[in-house]
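A quick write-up on the structure given underneath.
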Amino acid sequence: MKKVCYMGAVLAMLAAVTGCSSFLDRLPEDRIVDQDFWTVPNDVKIYANQFYPAFPSHGGYSGGLFWSDNDSDNMTPGTYNQRLAGQNTLNDSGDWSFYNHIRSVNYGLERIHTVQGDPNERDMYVGELLFFRAFFYFQLVRQYGDVPWHAQSLNIDSEELFKPRSPRTTVVDSILQDLTTAISYLPVRGSAALNRLNKECALLFKSRVALYEGTWQKYHEGTVFATPGADWRSYLETAADAAYTLVELGTASLFQPVNPENYYADLFGAKDYATNPEILLYKKHSEALGQSHFLQRYMFSGGNTGVSKSLVDDFLCADGLPIANSGLYSGDEKLTDVIADRDPRLRQMLWAPGDPVEMNNGEITAVFTVPDLAVSGEHRSVSGYQLKKGKTVDMESGSFDLETASILFRYAEVLLNYAEAKAELGTITQDDVDLSINKIRLRARMPDLIIATIAPDPHWLHKDISPLLNEIRRERRIELACEGFRFDDLARWAAMDILVAKRTLGAKFVQSDFPNLMPGTHILINDNGYIDPYQAGLPLGFQFDLERDYLLPIPQQELTLNKEKLIQNPGWNQ
């Protein structure tokens with residue numbers, strides 16, 4: 001039987017760079033060939049360019065990156081997430097095609113020895129290739145756990161195509177080694193070309209990968225999802241070291257707003273971040289180049305999604321206390337009560353009465369009054385808590401061709417990674433908290449987190465960890481809300497049990513604001529008066545399978561092609 005590569009179709013470039021065997025098969029004049037390529041450092045740069053579009057970014061008819069938490073308890077999209085509901089099937093098997101990218105990276109790495117010229121310039125782009133190999137493999141580990149590791153480009157007749165899955169720790173160790181080398185090769189941000197990878201990105205990503213694996217192995221220990229004998233402490237030490245190295249590098253810092261109470265538009269809605277010290281890498285969008293998107297059209301409406309009550313309730317009050325303990329909490333009967341005397345980031349994340357939504361010649365012509373509960377389709381507010389994070393400063397609410405930049409890596413994450421890794425290791429001090437969490441809180445105009453005076457919160461989501469870890473997880477949830485981190489965080493903490501048999505709720509429904517909406521007919525409300533969008537579709541709540549759904553199934557096609565060596569993930573053979 002003819003062997004087939006489980007990585008998918010071999011890239012067309014393979015044919016383009018293969019030598020010819022007859023006079024009639026002369027070298028093509030319109031394509032790159034090995035005989036012409038891999039001679040100067042700029043060739044490696046050109047080759048690396050193909051991988052940048054793999055970074056997530058805004059695009060199309062959506063809220064872009066700010067809808068990335070639609071797969072978690074942070075948001076309530078109009079259609080509930082099937083994985084959270086436990087309704088995934090063998091067809092919902094993620095994206096094994098990352099191996100196509102990995103093969104292309106390996107192909108390039110195998111040819112760099114022929115490149116002449118300044119070795120430092122060459123190695124800079126080699127660093128990019130190593131970063132991307134680490135990036136693509138991390139996507140595979142997140143989805144599937146154990147996956148085959150390949151450090152060479154393979155062809156359709158390569159025996160290595162039929163190797164078994166490597167333990168996830170073996171793959172992660174290789175990822176971290178790639179990143180270590182990339183860090184040594186890549187220039188610091190001030191010396192790197194704009195919108196190209198730099199040393200800071202690699203350090204941040206190394207801390208992210210190591211924190212993910214360290215906490216995954218710690219909290220999944222003893223289950224089918226962990227690697228026997230894994231040294232989770234070593235990964236957490238690596239995470240803390242990488243994060244601290246970036247902090248000590250001194251080339252990045254938190255963005256400091258002119259108006260601390262209203263800085264989200266400047267931080268998350270800008271078109272360019274060339275001078276922003278917090279944004280380590282971003283994608284610049286251009287209408288002229290056909291690279292615009294429709295993000296802002298959805299930031300000014302409900303977008304058929306919404307922020308969850310769970311996320312809103314996790315925001316502290318302005319005195320630094322949780323809503324269960326603070327005398328400042330005004331309740332949640334009205335939206336104005338919800339945001340009153342709370343962490344200012346909540347007020348900036350949600351649309352609230354009086355917020356300007358349209359301007360004409362510098363004059364406000366329309367303001368926000370109530371969420372778009374009565375609107376149908378793509379502009380409906382599902383939860384009643386309408387997301388504003390990501391709104392631009394120029395209020396292009398009706399435009400389709402928009403240029404809000406896509407943030408790929410920002411410095412605040414590395415501070416959160418550092419604090420969490422140190423806390424998980426049990427080595428964190430107040431100085432560590434001041435270096436990380438409290439810098440973020442200072443910008444938000446929130447009181448410091450003091451280890452010795454943490455007030456017990458009866459609503460802590462994670463009952464079996466320390467008060468300090470609960471607060472660090474809270475801070476991470478708040479600061480990175482709606483940026484695509486939440487599902488991964490719950491997964492690596494083995495914490496999906498907080499969702500099982502529950503549904504994500506929304507705001508209190510105020511009938512007087514919506515006299516034409518009939519509860520039970522036009523909108524679903526629970527017994528306590530909160531919007532309950534999935535009441536009919538998920539009467540028993542989310543049914544995430546704790547013995548199965550932490551990993552996706554290996555695609556059936558790959559199992560068929562390599563049935564002797566590939567083994568399906570736990571729970572998916574039933």
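Letters A, B, ... go to the chains of the structure tokens in the order shown; residues in each chain start at 1; ligands are counted from 1 in the same order.
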
Checklist line | Every residue of stretch 395-449 of chain A that DSSP places in helix (DSSP H, G or I), as number ranges by chain | finding: A: 411-425, 430-435, 437-444

Next item on the list: For stretch 372-389 of chain A, please output as a VMD selection string all residues within 7 Å (counting only C-alpha atoms; exclusion window: fewer than 2 positions along the same chain).
Entry: chain A and resid 76 to 78 264 268 299 301 to 308 348 to 351 370 391 505 to 507 517 531 533

Checklist line | Within 12 Å of A:Asp432 using only C-alpha atoms, minus same-chain residues under 5 positions, as a list in words | finding: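 After dropping sequence-adjacent residues, the list is Ala240, Ala243, Tyr244, Val247, Leu415, Leu416, Asn417, Tyr418, Ala419, Glu420, Ala421, Lys422, Ala423, Gly426, Thr427, Ile437, Asn438, Lys439, Leu449, Ile450, Ile451 and Ile472 of chain A.
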
Residues as selected, N, CA, C and O atoms, written as a PDB file, in the first residue's frame, can you do that?
```pdb
ATOM      1  N   ALA A 240       9.396  30.910  35.635  1.00  0.00           N
ATOM      2  CA  ALA A 240       9.751  32.064  36.466  1.00  0.00           C
ATOM      3  C   ALA A 240      11.053  32.698  35.982  1.00  0.00           C
ATOM      4  O   ALA A 240      11.168  33.934  35.914  1.00  0.00           O
ATOM      5  N   ALA A 243      10.487  34.629  32.671  1.00  0.00           N
ATOM      6  CA  ALA A 243       9.737  35.861  32.927  1.00  0.00           C
ATOM      7  C   ALA A 243      10.624  36.904  33.612  1.00  0.00           C
ATOM      8  O   ALA A 243      10.629  38.091  33.237  1.00  0.00           O
ATOM      9  N   TYR A 244      11.382  36.460  34.614  1.00  0.00           N
ATOM     10  CA  TYR A 244      12.238  37.406  35.344  1.00  0.00           C
ATOM     11  C   TYR A 244      13.331  37.972  34.440  1.00  0.00           C
ATOM     12  O   TYR A 244      13.692  39.154  34.538  1.00  0.00           O
ATOM     13  N   VAL A 247      11.825  40.754  32.553  1.00  0.00           N
ATOM     14  CA  VAL A 247      11.658  41.923  33.415  1.00  0.00           C
ATOM     15  C   VAL A 247      12.998  42.640  33.591  1.00  0.00           C
ATOM     16  O   VAL A 247      13.103  43.870  33.458  1.00  0.00           O
ATOM     17  N   LEU A 415       4.322  39.406  33.560  1.00  0.00           N
ATOM     18  CA  LEU A 415       4.233  39.693  34.993  1.00  0.00           C
ATOM     19  C   LEU A 415       3.310  38.697  35.684  1.00  0.00           C
ATOM     20  O   LEU A 415       3.605  38.216  36.788  1.00  0.00           O
ATOM     21  N   LEU A 416       2.214  38.379  35.037  1.00  0.00           N
ATOM     22  CA  LEU A 416       1.278  37.399  35.594  1.00  0.00           C
ATOM     23  C   LEU A 416       1.892  35.997  35.596  1.00  0.00           C
ATOM     24  O   LEU A 416       1.702  35.234  36.546  1.00  0.00           O
ATOM     25  N   ASN A 417       2.618  35.659  34.538  1.00  0.00           N
ATOM     26  CA  ASN A 417       3.290  34.361  34.492  1.00  0.00           C
ATOM     27  C   ASN A 417       4.291  34.220  35.633  1.00  0.00           C
ATOM     28  O   ASN A 417       4.391  33.163  36.269  1.00  0.00           O
ATOM     29  N   TYR A 418       5.033  35.281  35.861  1.00  0.00           N
ATOM     30  CA  TYR A 418       6.049  35.249  36.918  1.00  0.00           C
ATOM     31  C   TYR A 418       5.408  35.022  38.287  1.00  0.00           C
ATOM     32  O   TYR A 418       5.844  34.149  39.054  1.00  0.00           O
ATOM     33  N   ALA A 419       4.381  35.794  38.588  1.00  0.00           N
ATOM     34  CA  ALA A 419       3.735  35.674  39.899  1.00  0.00           C
ATOM     35  C   ALA A 419       3.141  34.284  40.094  1.00  0.00           C
ATOM     36  O   ALA A 419       3.287  33.670  41.161  1.00  0.00           O
ATOM     37  N   GLU A 420       2.486  33.770  39.061  1.00  0.00           N
ATOM     38  CA  GLU A 420       1.856  32.459  39.201  1.00  0.00           C
ATOM     39  C   GLU A 420       2.897  31.356  39.369  1.00  0.00           C
ATOM     40  O   GLU A 420       2.740  30.457  40.213  1.00  0.00           O
ATOM     41  N   ALA A 421       3.960  31.382  38.572  1.00  0.00           N
ATOM     42  CA  ALA A 421       4.987  30.340  38.674  1.00  0.00           C
ATOM     43  C   ALA A 421       5.621  30.342  40.065  1.00  0.00           C
ATOM     44  O   ALA A 421       5.818  29.272  40.675  1.00  0.00           O
ATOM     45  N   LYS A 422       5.944  31.519  40.574  1.00  0.00           N
ATOM     46  CA  LYS A 422       6.545  31.594  41.909  1.00  0.00           C
ATOM     47  C   LYS A 422       5.572  31.117  42.985  1.00  0.00           C
ATOM     48  O   LYS A 422       5.969  30.435  43.940  1.00  0.00           O
ATOM     49  N   ALA A 423       4.300  31.454  42.839  1.00  0.00           N
ATOM     50  CA  ALA A 423       3.315  31.023  43.828  1.00  0.00           C
ATOM     51  C   ALA A 423       3.102  29.515  43.776  1.00  0.00           C
ATOM     52  O   ALA A 423       2.967  28.857  44.811  1.00  0.00           O
ATOM     53  N   GLY A 426       5.724  27.834  45.570  1.00  0.00           N
ATOM     54  CA  GLY A 426       5.751  28.099  47.000  1.00  0.00           C
ATOM     55  C   GLY A 426       6.905  28.976  47.424  1.00  0.00           C
ATOM     56  O   GLY A 426       7.263  29.023  48.612  1.00  0.00           O
ATOM     57  N   THR A 427       7.502  29.703  46.489  1.00  0.00           N
ATOM     58  CA  THR A 427       8.661  30.540  46.799  1.00  0.00           C
ATOM     59  C   THR A 427       8.370  32.030  46.661  1.00  0.00           C
ATOM     60  O   THR A 427       9.296  32.847  46.762  1.00  0.00           O
ATOM     61  N   ILE A 437       2.162  41.581  40.151  1.00  0.00           N
ATOM     62  CA  ILE A 437       0.730  41.860  40.310  1.00  0.00           C
ATOM     63  C   ILE A 437       0.485  43.319  40.666  1.00  0.00           C
ATOM     64  O   ILE A 437      -0.407  43.980  40.097  1.00  0.00           O
ATOM     65  N   ASN A 438       1.246  43.842  41.583  1.00  0.00           N
ATOM     66  CA  ASN A 438       0.955  45.195  42.061  1.00  0.00           C
ATOM     67  C   ASN A 438       1.317  46.282  41.060  1.00  0.00           C
ATOM     68  O   ASN A 438       0.782  47.392  41.138  1.00  0.00           O
ATOM     69  N   LYS A 439       2.199  45.987  40.118  1.00  0.00           N
ATOM     70  CA  LYS A 439       2.421  46.946  39.028  1.00  0.00           C
ATOM     71  C   LYS A 439       1.190  47.043  38.134  1.00  0.00           C
ATOM     72  O   LYS A 439       0.813  48.119  37.663  1.00  0.00           O
ATOM     73  N   LEU A 449      -2.012  44.052  46.334  1.00  0.00           N
ATOM     74  CA  LEU A 449      -2.270  42.733  46.904  1.00  0.00           C
ATOM     75  C   LEU A 449      -1.210  42.493  47.971  1.00  0.00           C
ATOM     76  O   LEU A 449      -0.017  42.456  47.681  1.00  0.00           O
ATOM     77  N   ILE A 450      -1.628  42.331  49.204  1.00  0.00           N
ATOM     78  CA  ILE A 450      -0.725  42.100  50.329  1.00  0.00           C
ATOM     79  C   ILE A 450      -0.931  40.660  50.799  1.00  0.00           C
ATOM     80  O   ILE A 450      -2.034  40.293  51.228  1.00  0.00           O
ATOM     81  N   ILE A 451       0.116  39.866  50.704  1.00  0.00           N
ATOM     82  CA  ILE A 451      -0.008  38.442  51.008  1.00  0.00           C
ATOM     83  C   ILE A 451      -0.566  38.214  52.408  1.00  0.00           C
ATOM     84  O   ILE A 451      -1.416  37.325  52.611  1.00  0.00           O
ATOM     85  N   ILE A 472      -4.122  35.396  42.654  1.00  0.00           N
ATOM     86  CA  ILE A 472      -3.299  35.519  41.448  1.00  0.00           C
ATOM     87  C   ILE A 472      -4.079  35.059  40.224  1.00  0.00           C
ATOM     88  O   ILE A 472      -4.023  35.683  39.155  1.00  0.00           O
TER      89      ILE A 472
END
```

Next item on the list: Extract the full set of strand (DSSP E) residues from stretch 361-549 of chain A according to DSSP on the backbone, and format it as a list in words.
Entry: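 Strand (DSSP E) assignments inside stretch 361-549 of chain A correspond to Glu363, Ile364, Thr365, Ala366, Val367, Ser406, Ile407, Leu408, Phe409 and Arg410 of chain A.
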
Please dump the current selection as an mmCIF file, in the first residue's frame; keep N, CA, C and O atoms.
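Below you can see again18.cif, which holds the result:
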```
data_model
loop_
_atom_site.group_PDB
_atom_site.id
_atom_site.type_symbol
_atom_site.label_atom_id
_atom_site.label_comp_id
_atom_site.auth_asym_id
_atom_site.auth_seq_id
_atom_site.Cartn_x
_atom_site.Cartn_y
_atom_site.Cartn_z
ATOM 1 N N GLU A 363 -18.674 65.881 17.582
ATOM 2 C CA GLU A 363 -19.800 65.997 18.500
ATOM 3 C C GLU A 363 -20.434 64.632 18.719
ATOM 4 O O GLU A 363 -20.650 63.869 17.780
ATOM 5 N N ILE A 364 -20.741 64.316 19.985
ATOM 6 C CA ILE A 364 -21.418 63.061 20.308
ATOM 7 C C ILE A 364 -22.855 63.123 19.815
ATOM 8 O O ILE A 364 -23.607 64.041 20.166
ATOM 9 N N THR A 365 -23.244 62.166 18.995
ATOM 10 C CA THR A 365 -24.596 62.163 18.436
ATOM 11 C C THR A 365 -25.451 61.016 18.968
ATOM 12 O O THR A 365 -26.659 61.001 18.745
ATOM 13 N N ALA A 366 -24.845 60.052 19.649
ATOM 14 C CA ALA A 366 -25.612 58.952 20.232
ATOM 15 C C ALA A 366 -24.822 58.369 21.393
ATOM 16 O O ALA A 366 -23.592 58.324 21.368
ATOM 17 N N VAL A 367 -25.551 57.945 22.420
ATOM 18 C CA VAL A 367 -24.904 57.339 23.581
ATOM 19 C C VAL A 367 -25.548 55.988 23.877
ATOM 20 O O VAL A 367 -26.680 55.710 23.471
ATOM 21 N N SER A 406 -3.777 44.090 15.725
ATOM 22 C CA SER A 406 -3.948 42.850 16.479
ATOM 23 C C SER A 406 -2.761 42.672 17.413
ATOM 24 O O SER A 406 -1.625 42.525 16.965
ATOM 25 N N ILE A 407 -3.024 42.682 18.714
ATOM 26 C CA ILE A 407 -1.959 42.495 19.699
ATOM 27 C C ILE A 407 -1.636 41.007 19.792
ATOM 28 O O ILE A 407 -2.521 40.174 20.033
ATOM 29 N N LEU A 408 -0.362 40.665 19.645
ATOM 30 C CA LEU A 408 0.063 39.266 19.679
ATOM 31 C C LEU A 408 0.729 38.909 21.008
ATOM 32 O O LEU A 408 0.478 37.834 21.551
ATOM 33 N N PHE A 409 1.576 39.766 21.525
ATOM 34 C CA PHE A 409 2.228 39.530 22.812
ATOM 35 C C PHE A 409 2.303 40.849 23.560
ATOM 36 O O PHE A 409 2.761 41.852 23.005
ATOM 37 N N ARG A 410 1.885 40.841 24.829
ATOM 38 C CA ARG A 410 2.019 42.058 25.624
ATOM 39 C C ARG A 410 2.642 41.764 26.984
ATOM 40 O O ARG A 410 2.479 40.681 27.549
#
```

Notebook entry, point to check: Could you work out how far atom CA of A:Trp38 lies from atom CA of A:Thr114, giving the answer in Å with one decimal?
Noted result: 6.0 Å

Notebook entry, point to check: Smallest atom-to-atom distance to A:Ala318: which of A:Pro257, A:Pro458, A:Pro570, A:Pro447, using only C-alpha atoms?
Noted result: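 That would be A:Pro447, the residue with the smallest distance to A:Ala318.
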
Next item on the list: Tell me which protein, DNA and RNA residues are within 8 Å of A:Phe487, counting only C-alpha atoms, leaving out same-chain ones fewer than 4 positions away, and put them as a ChimeraX atom specification.
Entry: /A:69,71-72,491

Next item on the list: Choose the residue, out of A:Ile102, A:Ala226, A:Leu65, A:Ala455, that has the smallest atom-to-atom separation from A:Ala405; count only C-alpha atoms.
Entry: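 Nearest candidate to A:Ala405 out of A:Ile102, A:Ala226, A:Leu65, A:Ala455: A:Leu65.
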
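Computed from the coordinates, the atom CA of A:Asp95 to atom CA of A:Gly290 distance equals 26.6 Å.
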
Counting only C-alpha atoms, which residues of stretch 93-142 of chain A sit at most 9 Å from some atom of stretch 205-217 of chain A, and what is each one's closest atom pair with its distance in Å to one decimal, listed by chain and rising residue number, as a Markdown table?
```
| residue | atom | partner | partner_atom | distance |
| --- | --- | --- | --- | --- |
| A:Phe131 | CA | A:Phe205 | CA | 8.9 |
| A:Phe135 | CA | A:Phe205 | CA | 8.4 |
| A:Phe138 | CA | A:Val209 | CA | 7.3 |
| A:Arg142 | CA | A:Tyr212 | CA | 8.9 |
```

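Proximity ranking of A:Ser158, A:Asn74, A:Thr238, A:Gln50 relative to A:Gly108 places A:Gln50 first, based on only C-alpha atoms.
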
Notebook entry, point to check: Using only C-alpha atoms, which of the listed residues (A:Pro148, A:Leu346, A:Leu161, A:Tyr411) sits closest to A:Gly250?
Noted result: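 When distances to A:Gly250 are compared using only C-alpha atoms, the smallest one comes from A:Tyr411.
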
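Of the residues under consideration (A:Lys199, A:Arg492, A:Arg133, A:His293), A:Arg492 shows the shortest atom-to-atom contact distance to A:Leu551 when counting only C-alpha atoms.
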